[in-house]
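Text of the file query01.json, holding JSON, C-alpha atoms and all ligand atoms:
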[["chain", "number", "residue", "atom", "x", "y", "z"],
["A", 257, "MET", "CA", 95.96, 113.62, 123.59],
["A", 258, "HIS", "CA", 94.79, 113.85, 119.98],
["A", 259, "SER", "CA", 96.18, 116.68, 117.88],
["A", 260, "HIS", "CA", 98.09, 117.41, 114.68],
["A", 261, "LEU", "CA", 100.80, 119.83, 115.76],
["A", 262, "ILE", "CA", 103.98, 118.58, 114.07],
["A", 263, "PRO", "CA", 104.97, 120.86, 111.16],
["A", 264, "GLY", "CA", 104.60, 119.55, 107.62],
["A", 265, "VAL", "CA", 103.98, 115.86, 108.26],
["A", 266, "ASP", "CA", 100.22, 115.56, 107.70],
["A", 267, "ASP", "CA", 97.12, 117.72, 107.16],
["A", 268, "GLY", "CA", 97.74, 119.53, 110.47],
["A", 269, "ALA", "CA", 100.23, 122.31, 111.20],
["A", 270, "LYS", "CA", 101.92, 123.46, 107.97],
["A", 271, "ASP", "CA", 105.21, 124.85, 109.30],
["A", 272, "VAL", "CA", 106.94, 125.65, 112.58],
["A", 273, "GLN", "CA", 105.27, 129.06, 112.84],
["A", 274, "ASP", "CA", 101.83, 127.48, 112.33],
["A", 275, "SER", "CA", 102.60, 124.83, 114.99],
["A", 276, "ILE", "CA", 103.64, 127.44, 117.54],
["A", 277, "GLN", "CA", 100.59, 129.58, 116.78],
["A", 278, "ILE", "CA", 98.23, 126.64, 117.40],
["A", 279, "ILE", "CA", 100.10, 125.55, 120.53],
["A", 280, "SER", "CA", 100.03, 129.11, 121.92],
["A", 281, "GLY", "CA", 96.27, 129.19, 121.28],
["A", 282, "LEU", "CA", 95.87, 125.90, 123.14],
["A", 283, "LYS", "CA", 97.83, 127.33, 126.06],
["A", 284, "GLU", "CA", 95.40, 130.28, 126.14],
["A", 285, "LEU", "CA", 92.57, 127.75, 126.33],
["A", 286, "GLY", "CA", 94.22, 126.18, 129.39],
["A", 287, "PHE", "CA", 96.13, 123.25, 127.93],
["A", 288, "TYR", "CA", 99.62, 122.55, 129.30],
["A", 289, "HIS", "CA", 100.37, 118.88, 128.65],
["A", 290, "LEU", "CA", 99.93, 118.11, 124.96],
["A", 291, "ILE", "CA", 100.36, 114.78, 123.25],
["A", 292, "THR", "CA", 100.42, 115.26, 119.54],
["A", 293, "THR", "CA", 99.31, 112.48, 117.23],
["A", 294, "PRO", "CA", 100.00, 113.22, 113.55],
["A", 295, "HIS", "CA", 98.55, 110.80, 111.02],
["A", 296, "THR", "CA", 100.43, 107.69, 109.95],
["A", 297, "LEU", "CA", 98.45, 106.73, 106.86],
["A", 298, "GLN", "CA", 100.25, 104.89, 104.08],
["A", 299, "ASP", "CA", 98.46, 106.35, 101.04],
["A", 300, "ILE", "CA", 98.34, 110.00, 102.14],
["A", 301, "HIS", "CA", 100.70, 110.63, 105.07],
["A", 302, "PRO", "CA", 103.24, 107.76, 105.01],
["A", 303, "ASN", "CA", 105.01, 108.77, 108.20],
["A", 304, "THR", "CA", 107.38, 106.68, 110.24],
["A", 305, "SER", "CA", 108.53, 107.21, 113.81],
["A", 306, "GLU", "CA", 111.64, 108.84, 112.33],
["A", 307, "THR", "CA", 109.79, 111.41, 110.18],
["A", 308, "LEU", "CA", 107.62, 112.34, 113.16],
["A", 309, "LYS", "CA", 110.55, 112.58, 115.57],
["A", 310, "THR", "CA", 112.41, 114.81, 113.09],
["A", 311, "GLY", "CA", 109.39, 117.13, 112.93],
["A", 312, "HIS", "CA", 109.04, 117.08, 116.71],
["A", 313, "LEU", "CA", 112.67, 118.17, 117.10],
["A", 314, "LYS", "CA", 111.97, 121.28, 115.00],
["A", 315, "LEU", "CA", 109.73, 122.53, 117.81],
["A", 316, "GLN", "CA", 112.19, 121.97, 120.65],
["A", 317, "GLY", "CA", 113.30, 125.23, 122.23],
["A", 318, "LYS", "CA", 110.43, 127.10, 120.56],
["A", 319, "LEU", "CA", 107.49, 125.98, 122.71],
["A", 320, "PRO", "CA", 105.65, 128.54, 124.84],
["A", 321, "GLU", "CA", 106.66, 128.51, 128.51],
["A", 322, "GLY", "CA", 105.01, 125.83, 130.62],
["A", 323, "ILE", "CA", 104.01, 123.65, 127.66],
["A", 324, "SER", "CA", 105.06, 120.01, 127.34],
["A", 325, "LEU", "CA", 104.63, 118.38, 123.97],
["A", 326, "ASN", "CA", 104.90, 114.60, 123.74],
["A", 327, "LEU", "CA", 104.76, 112.62, 120.55],
["A", 328, "SER", "CA", 102.74, 109.65, 119.37],
["A", 329, "SER", "CA", 100.66, 109.09, 116.24],
["A", 330, "GLU", "CA", 97.13, 108.47, 115.03],
["A", 331, "TYR", "CA", 97.57, 105.18, 113.24],
["A", 332, "TYR", "CA", 95.36, 104.26, 110.32],
["A", 333, "LEU", "CA", 94.88, 100.50, 110.28],
["A", 334, "ASP", "CA", 96.49, 99.68, 106.93],
["A", 335, "GLU", "CA", 99.43, 97.65, 105.60],
["A", 336, "GLN", "CA", 102.00, 100.17, 106.78],
["A", 337, "PHE", "CA", 100.59, 99.90, 110.28],
["A", 338, "GLN", "CA", 100.97, 96.11, 110.16],
["A", 339, "LYS", "CA", 104.54, 96.54, 108.95],
["A", 340, "GLN", "CA", 105.44, 98.97, 111.75],
["A", 341, "LEU", "CA", 103.72, 96.65, 114.22],
["A", 342, "ASN", "CA", 105.80, 93.70, 113.02],
["A", 343, "GLU", "CA", 108.99, 95.79, 113.12],
["A", 344, "ASN", "CA", 108.14, 96.98, 116.62],
["A", 345, "SER", "CA", 108.57, 100.58, 115.46],
["A", 346, "LEU", "CA", 105.24, 102.05, 116.60],
["A", 347, "MET", "CA", 105.26, 104.99, 119.05],
["A", 348, "PRO", "CA", 102.52, 104.31, 121.60],
["A", 349, "LEU", "CA", 101.08, 106.78, 124.08],
["A", 350, "PRO", "CA", 101.83, 106.19, 127.79],
["A", 351, "GLY", "CA", 100.43, 102.88, 129.02],
["A", 352, "ASN", "CA", 101.33, 101.24, 125.70],
["A", 353, "ARG", "CA", 98.19, 102.77, 124.21],
["A", 354, "LEU", "CA", 97.72, 103.15, 120.47],
["A", 355, "LEU", "CA", 95.36, 105.77, 119.01],
["A", 356, "VAL", "CA", 93.88, 104.17, 115.89],
["A", 357, "GLU", "CA", 91.47, 105.10, 113.13],
["A", 358, "PHE", "CA", 90.15, 103.50, 109.94],
["A", 359, "SER", "CA", 87.84, 104.28, 107.03],
["A", 360, "GLN", "CA", 84.88, 106.44, 107.99],
["A", 361, "ILE", "CA", 82.85, 104.99, 105.14],
["A", 362, "SER", "CA", 83.18, 101.23, 105.32],
["A", 363, "ARG", "CA", 83.98, 98.98, 108.24],
["A", 364, "PRO", "CA", 87.26, 97.03, 107.89],
["A", 365, "HIS", "CA", 86.31, 93.36, 107.53],
["A", 366, "ASN", "CA", 88.97, 92.14, 109.95],
["A", 367, "LEU", "CA", 88.59, 94.81, 112.63],
["A", 368, "GLU", "CA", 87.95, 92.51, 115.56],
["A", 369, "GLU", "CA", 90.82, 90.28, 114.50],
["A", 370, "VAL", "CA", 93.18, 93.28, 114.41],
["A", 371, "PHE", "CA", 92.02, 94.50, 117.84],
["A", 372, "PHE", "CA", 92.41, 91.01, 119.28],
["A", 373, "ASP", "CA", 95.90, 90.68, 117.80],
["A", 374, "LEU", "CA", 96.98, 94.07, 119.22],
["A", 375, "GLY", "CA", 95.69, 93.06, 122.64],
["A", 376, "ILE", "CA", 97.73, 89.84, 122.51],
["A", 377, "LYS", "CA", 100.81, 91.94, 121.68],
["A", 378, "GLY", "CA", 100.26, 94.03, 124.80],
["A", 379, "TYR", "CA", 98.80, 97.18, 123.27],
["A", 380, "GLN", "CA", 95.80, 99.02, 124.68],
["A", 381, "ILE", "CA", 93.68, 100.38, 121.83],
["A", 382, "ILE", "CA", 92.07, 103.81, 121.84],
["A", 383, "LEU", "CA", 89.65, 104.25, 118.95],
["A", 384, "ALA", "CA", 89.80, 107.86, 117.73],
["A", 385, "HIS", "CA", 86.47, 109.68, 117.39],
["A", 386, "PRO", "CA", 84.14, 106.63, 117.32],
["A", 387, "GLU", "CA", 81.22, 109.00, 116.72],
["A", 388, "ARG", "CA", 82.56, 109.84, 113.25],
["A", 389, "TYR", "CA", 82.31, 106.33, 111.75],
["A", 390, "LEU", "CA", 79.05, 106.61, 109.86],
["A", 391, "PHE", "CA", 78.55, 102.85, 109.39],
["A", 392, "PHE", "CA", 78.47, 102.41, 113.18],
["A", 393, "HIS", "CA", 75.58, 104.82, 113.61],
["A", 394, "LYS", "CA", 72.88, 102.31, 112.77],
["A", 395, "HIS", "CA", 74.63, 99.58, 114.72],
["A", 396, "PHE", "CA", 75.10, 101.05, 118.19],
["A", 397, "ASP", "CA", 75.60, 97.58, 119.63],
["A", 398, "TYR", "CA", 78.88, 97.43, 117.77],
["A", 399, "TYR", "CA", 80.28, 100.14, 120.06],
["A", 400, "LYS", "CA", 79.33, 97.96, 123.01],
["A", 401, "ARG", "CA", 81.02, 94.98, 121.41],
["A", 402, "ILE", "CA", 84.36, 96.72, 120.92],
["A", 403, "LYS", "CA", 84.18, 98.20, 124.43],
["A", 404, "GLU", "CA", 83.71, 94.65, 125.72],
["A", 405, "MET", "CA", 86.85, 93.72, 123.79],
["A", 406, "GLY", "CA", 88.69, 96.29, 125.93],
["A", 407, "VAL", "CA", 88.92, 99.06, 123.33],
["A", 408, "GLU", "CA", 88.87, 102.58, 124.81],
["A", 409, "LEU", "CA", 86.89, 105.31, 123.05],
["A", 410, "GLN", "CA", 88.01, 108.92, 122.48],
["A", 411, "VAL", "CA", 85.41, 111.55, 121.64],
["A", 412, "ASN", "CA", 86.32, 114.77, 119.80],
["A", 413, "ALA", "CA", 85.40, 117.91, 121.72],
["A", 414, "LEU", "CA", 84.01, 119.44, 118.51],
["A", 415, "SER", "CA", 81.62, 116.49, 118.12],
["A", 416, "LEU", "CA", 79.68, 118.05, 120.99],
["A", 417, "THR", "CA", 78.81, 120.88, 118.57],
["A", 418, "ASP", "CA", 77.42, 120.68, 115.02],
["A", 419, "HIS", "CA", 80.97, 120.89, 113.64],
["A", 420, "TYR", "CA", 80.84, 117.41, 112.03],
["A", 421, "GLY", "CA", 77.06, 117.38, 111.63],
["A", 422, "LYS", "CA", 74.00, 116.62, 113.74],
["A", 423, "HIS", "CA", 74.29, 112.82, 113.42],
["A", 424, "VAL", "CA", 77.84, 112.79, 114.73],
["A", 425, "LYS", "CA", 76.76, 115.03, 117.61],
["A", 426, "SER", "CA", 73.84, 112.78, 118.54],
["A", 427, "ILE", "CA", 76.03, 109.65, 118.54],
["A", 428, "ALA", "CA", 78.65, 111.43, 120.66],
["A", 429, "GLU", "CA", 75.90, 112.38, 123.12],
["A", 430, "LYS", "CA", 74.57, 108.84, 123.19],
["A", 431, "LEU", "CA", 78.05, 107.43, 123.88],
["A", 432, "ILE", "CA", 78.36, 109.89, 126.78],
["A", 433, "GLU", "CA", 74.89, 109.04, 128.11],
["A", 434, "LYS", "CA", 75.89, 105.36, 128.15],
["A", 435, "ASP", "CA", 79.17, 106.21, 129.97],
["A", 436, "MET", "CA", 81.22, 104.69, 127.15],
["A", 437, "ILE", "CA", 83.78, 107.47, 126.61],
["A", 438, "ASP", "CA", 87.30, 107.11, 128.06],
["A", 439, "PHE", "CA", 89.09, 110.13, 126.59],
["A", 440, "ILE", "CA", 88.28, 113.53, 125.15],
["A", 441, "GLY", "CA", 90.59, 115.12, 122.56],
["A", 442, "THR", "CA", 90.64, 118.22, 120.39],
["A", 443, "ASP", "CA", 91.85, 116.56, 117.15],
["A", 444, "ILE", "CA", 93.05, 120.08, 116.35],
["A", 445, "HIS", "CA", 94.51, 120.51, 112.85],
["A", 446, "HIS", "CA", 94.73, 124.28, 112.33],
["A", 447, "VAL", "CA", 94.21, 127.69, 113.92],
["A", 448, "LYS", "CA", 90.58, 127.86, 112.78],
["A", 449, "HIS", "CA", 89.82, 124.94, 115.09],
["A", 450, "LEU", "CA", 90.85, 127.16, 118.04],
["A", 451, "ASP", "CA", 87.85, 129.41, 117.42],
["A", 452, "SER", "CA", 85.58, 126.37, 117.10],
["A", 453, "LEU", "CA", 86.95, 124.95, 120.37],
["A", 454, "LYS", "CA", 86.25, 128.23, 122.16],
["A", 455, "LYS", "CA", 82.60, 127.84, 121.17],
["A", 456, "VAL", "CA", 82.11, 124.32, 122.56],
["A", 457, "PRO", "CA", 79.18, 124.88, 124.95],
["A", 458, "TYR", "CA", 79.13, 123.44, 128.46],
["A", 459, "THR", "CA", 76.08, 121.29, 127.76],
["A", 460, "LYS", "CA", 74.63, 118.66, 130.09],
["A", 461, "HIS", "CA", 76.51, 116.04, 128.05],
["A", 462, "PHE", "CA", 79.80, 117.86, 128.44],
["A", 463, "GLU", "CA", 79.14, 118.19, 132.15],
["A", 464, "ARG", "CA", 78.27, 114.51, 132.45],
["A", 465, "LEU", "CA", 81.49, 113.59, 130.69],
["A", 466, "VAL", "CA", 83.83, 115.71, 132.78],
["A", 467, "LYS", "CA", 82.11, 114.87, 136.05],
["A", 468, "SER", "CA", 81.73, 111.16, 135.29],
["A", 469, "GLY", "CA", 85.11, 110.25, 136.77],
["A", 470, "LEU", "CA", 85.54, 107.97, 133.75],
["A", 471, "LEU", "CA", 87.90, 110.16, 131.72],
["A", 472, "LYS", "CA", 91.46, 108.81, 131.69],
["A", 473, "ASN", "CA", 93.20, 111.80, 130.04],
["A", 474, "LYS", "CA", 95.23, 112.44, 133.21],
["A", 475, "ASP", "CA", 96.61, 108.89, 133.07],
["A", 476, "LEU", "CA", 98.57, 109.97, 129.99],
["A", 477, "THR", "CA", 100.50, 112.71, 131.74],
["A", 478, "GLN", "CA", 101.91, 110.55, 134.54],
["B", 1, "FE", "FE", 93.10, 113.11, 114.15]]
Could you render the structure as structure tokens?
Amino acid sequence: MHSHLIPGVDDGAKDVQDSIQIISGLKELGFYHLITTPHTLQDIHPNTSETLKTGHLKLQGKLPEGISLNLSSEYYLDEQFQKQLNENSLMPLPGNRLLVEFSQISRPHNLEEVFFDLGIKGYQIILAHPERYLFFHKHFDYYKRIKEMGVELQVNALSLTDHYGKHVKSIAEKLIEKDMIDFIGTDIHHVKHLDSLKKVPYTKHFERLVKSGLLKNKDLTQ
């Protein structure tokens, strides 16, 4: 439910061949229902629903057997996002959910306002990889606050390893210990991530997460 598999639209799959190679690797790992979420980020990947749909069409008829690939986006909370929100041109995940991200270095000043506004407009927010926002690390209560606002949290599978660093791993584990995680995603960008994913160990935290009954990933395939 979090991946970068559309060819040539962001820092994920480069071309159709690359996309198919990653998707085939995911199938080998046991994935069948994929929702891909390329970046929509004004300054670096200024996608629109149209550019993403065009890229998605390039993969039709080429997918490995048994694979479904649905399309949404990982929306960076910037001016372009506000514009697409106002134009009603966003592409939510099932359940009117929006996967969102923002700066990993500094907290947006109006974050709660934006979340509140999206809730009023009927969107359910999923915050992508909350464990990767460094400024949250010293303010764990802030995770609780946004959860209380109804925001769902999506951990990256690779955050359960040292892939993004020990601090990110320890925050991911803490979020799991506190039963605060709603979704797990790969956030896969390229074939090298397949090897990293194969090495994710079945730790006590991973076990707690998958056995918690709290994960809502299946809700997105219905
Ligand atoms: Fe991502």
Taking all atoms of segment 282-298 of chain A that the file lists, what box with edges along x, y and z, padded by 3 Å per side, do you get, with centre and edge lengths in Å to one decimal, as JSON?
{"center_x": 96.5, "center_y": 117.6, "center_z": 116.7, "size_x": 13.9, "size_y": 31.4, "size_z": 31.3}
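Taking all atoms listed in the file into account, Ile437 of chain A lies nearest to A:Lys472 out of the set A:Arg388, A:Lys454, A:His449, A:Lys472.
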Find the residues near segment 398-409 of chain A: any atom within 6 Å, counting only C-alpha atoms, skip ones fewer than 4 places away on the same chain, and give them as a JSON list (two decimals) with C-alpha atoms, in the coordinates of the input.
[["chain", "number", "residue", "atom", "x", "y", "z"],
["A", 381, "ILE", "CA", 93.68, 100.38, 121.83],
["A", 382, "ILE", "CA", 92.07, 103.81, 121.84],
["A", 383, "LEU", "CA", 89.65, 104.25, 118.95],
["A", 437, "ILE", "CA", 83.78, 107.47, 126.61],
["A", 438, "ASP", "CA", 87.30, 107.11, 128.06]]
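Atom pair atom CA of Gly317 of chain A / atom CA of Ile440 of chain A has a distance of 27.8 Å (rounded to one decimal).
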Practice problem: Would you list the contacts of Gly264 of chain A as an MDAnalysis selection string, taking every protein, DNA or RNA residue within 12 Å and counting only C-alpha atoms, but skipping same-chain residues closer than 3 positions in sequence? | Solution: chainID A and resid 260:261 267:275 294:295 301 303 307:308 310:312 314:315 445:446
Would you mind listing, for every residue of chain A within 10 Å of ligand FE 1 (chain B), the two atoms forming the shortest contact and the distance between them in Å to one decimal, using all atoms listed in the file, sorted by chain and ascending residue number, as CSV?
residue,atom,partner,partner_atom,distance
A:Met257,CA,B:FE1,FE,9.9
A:His258,CA,B:FE1,FE,6.1
A:Ser259,CA,B:FE1,FE,6.0
A:His260,CA,B:FE1,FE,6.6
A:Asp266,CA,B:FE1,FE,9.9
A:Asp267,CA,B:FE1,FE,9.3
A:Gly268,CA,B:FE1,FE,8.7
A:Thr292,CA,B:FE1,FE,9.3
A:Thr293,CA,B:FE1,FE,7.0
A:Pro294,CA,B:FE1,FE,6.9
A:His295,CA,B:FE1,FE,6.7
A:Ser329,CA,B:FE1,FE,8.8
A:Glu330,CA,B:FE1,FE,6.2
A:Tyr331,CA,B:FE1,FE,9.1
A:Tyr332,CA,B:FE1,FE,9.9
A:Leu355,CA,B:FE1,FE,9.1
A:Val356,CA,B:FE1,FE,9.1
A:Glu357,CA,B:FE1,FE,8.2
A:Ala384,CA,B:FE1,FE,7.2
A:His385,CA,B:FE1,FE,8.1
A:Asn412,CA,B:FE1,FE,9.0
A:Gly441,CA,B:FE1,FE,9.0
A:Thr442,CA,B:FE1,FE,8.4
A:Asp443,CA,B:FE1,FE,4.7
A:Ile444,CA,B:FE1,FE,7.3
A:His445,CA,B:FE1,FE,7.6
Atoms to include: C-alpha atoms. Write the selected residues as a PDB file, in the coordinates of the input.
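Everything below was put into result-v5.pdb:
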ATOM      1  CA  MET A 257      95.960 113.620 123.590  1.00  0.00           C
ATOM      2  CA  HIS A 258      94.790 113.850 119.980  1.00  0.00           C
ATOM      3  CA  SER A 259      96.180 116.680 117.880  1.00  0.00           C
ATOM      4  CA  HIS A 260      98.090 117.410 114.680  1.00  0.00           C
ATOM      5  CA  ASP A 266     100.220 115.560 107.700  1.00  0.00           C
ATOM      6  CA  ASP A 267      97.120 117.720 107.160  1.00  0.00           C
ATOM      7  CA  GLY A 268      97.740 119.530 110.470  1.00  0.00           C
ATOM      8  CA  THR A 292     100.420 115.260 119.540  1.00  0.00           C
ATOM      9  CA  THR A 293      99.310 112.480 117.230  1.00  0.00           C
ATOM     10  CA  PRO A 294     100.000 113.220 113.550  1.00  0.00           C
ATOM     11  CA  HIS A 295      98.550 110.800 111.020  1.00  0.00           C
ATOM     12  CA  SER A 329     100.660 109.090 116.240  1.00  0.00           C
ATOM     13  CA  GLU A 330      97.130 108.470 115.030  1.00  0.00           C
ATOM     14  CA  TYR A 331      97.570 105.180 113.240  1.00  0.00           C
ATOM     15  CA  TYR A 332      95.360 104.260 110.320  1.00  0.00           C
ATOM     16  CA  LEU A 355      95.360 105.770 119.010  1.00  0.00           C
ATOM     17  CA  VAL A 356      93.880 104.170 115.890  1.00  0.00           C
ATOM     18  CA  GLU A 357      91.470 105.100 113.130  1.00  0.00           C
ATOM     19  CA  ALA A 384      89.800 107.860 117.730  1.00  0.00           C
ATOM     20  CA  HIS A 385      86.470 109.680 117.390  1.00  0.00           C
ATOM     21  CA  ASN A 412      86.320 114.770 119.800  1.00  0.00           C
ATOM     22  CA  GLY A 441      90.590 115.120 122.560  1.00  0.00           C
ATOM     23  CA  THR A 442      90.640 118.220 120.390  1.00  0.00           C
ATOM     24  CA  ASP A 443      91.850 116.560 117.150  1.00  0.00           C
ATOM     25  CA  ILE A 444      93.050 120.080 116.350  1.00  0.00           C
ATOM     26  CA  HIS A 445      94.510 120.510 112.850  1.00  0.00           C
TER      27      HIS A 445
END
Practice problem: Can you work out which one of A:Gln277, A:Ser415, A:Thr459, A:Gln410 has the shortest atom-to-atom distance to Met436 of chain A, counting all atoms listed in the file? | Solution: A:Gln410
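Closest approach to Leu431 of chain A from the set A:Leu349, A:Leu465, A:Leu453, A:Val370 is made by A:Leu465, with distances taken over only C-alpha atoms.
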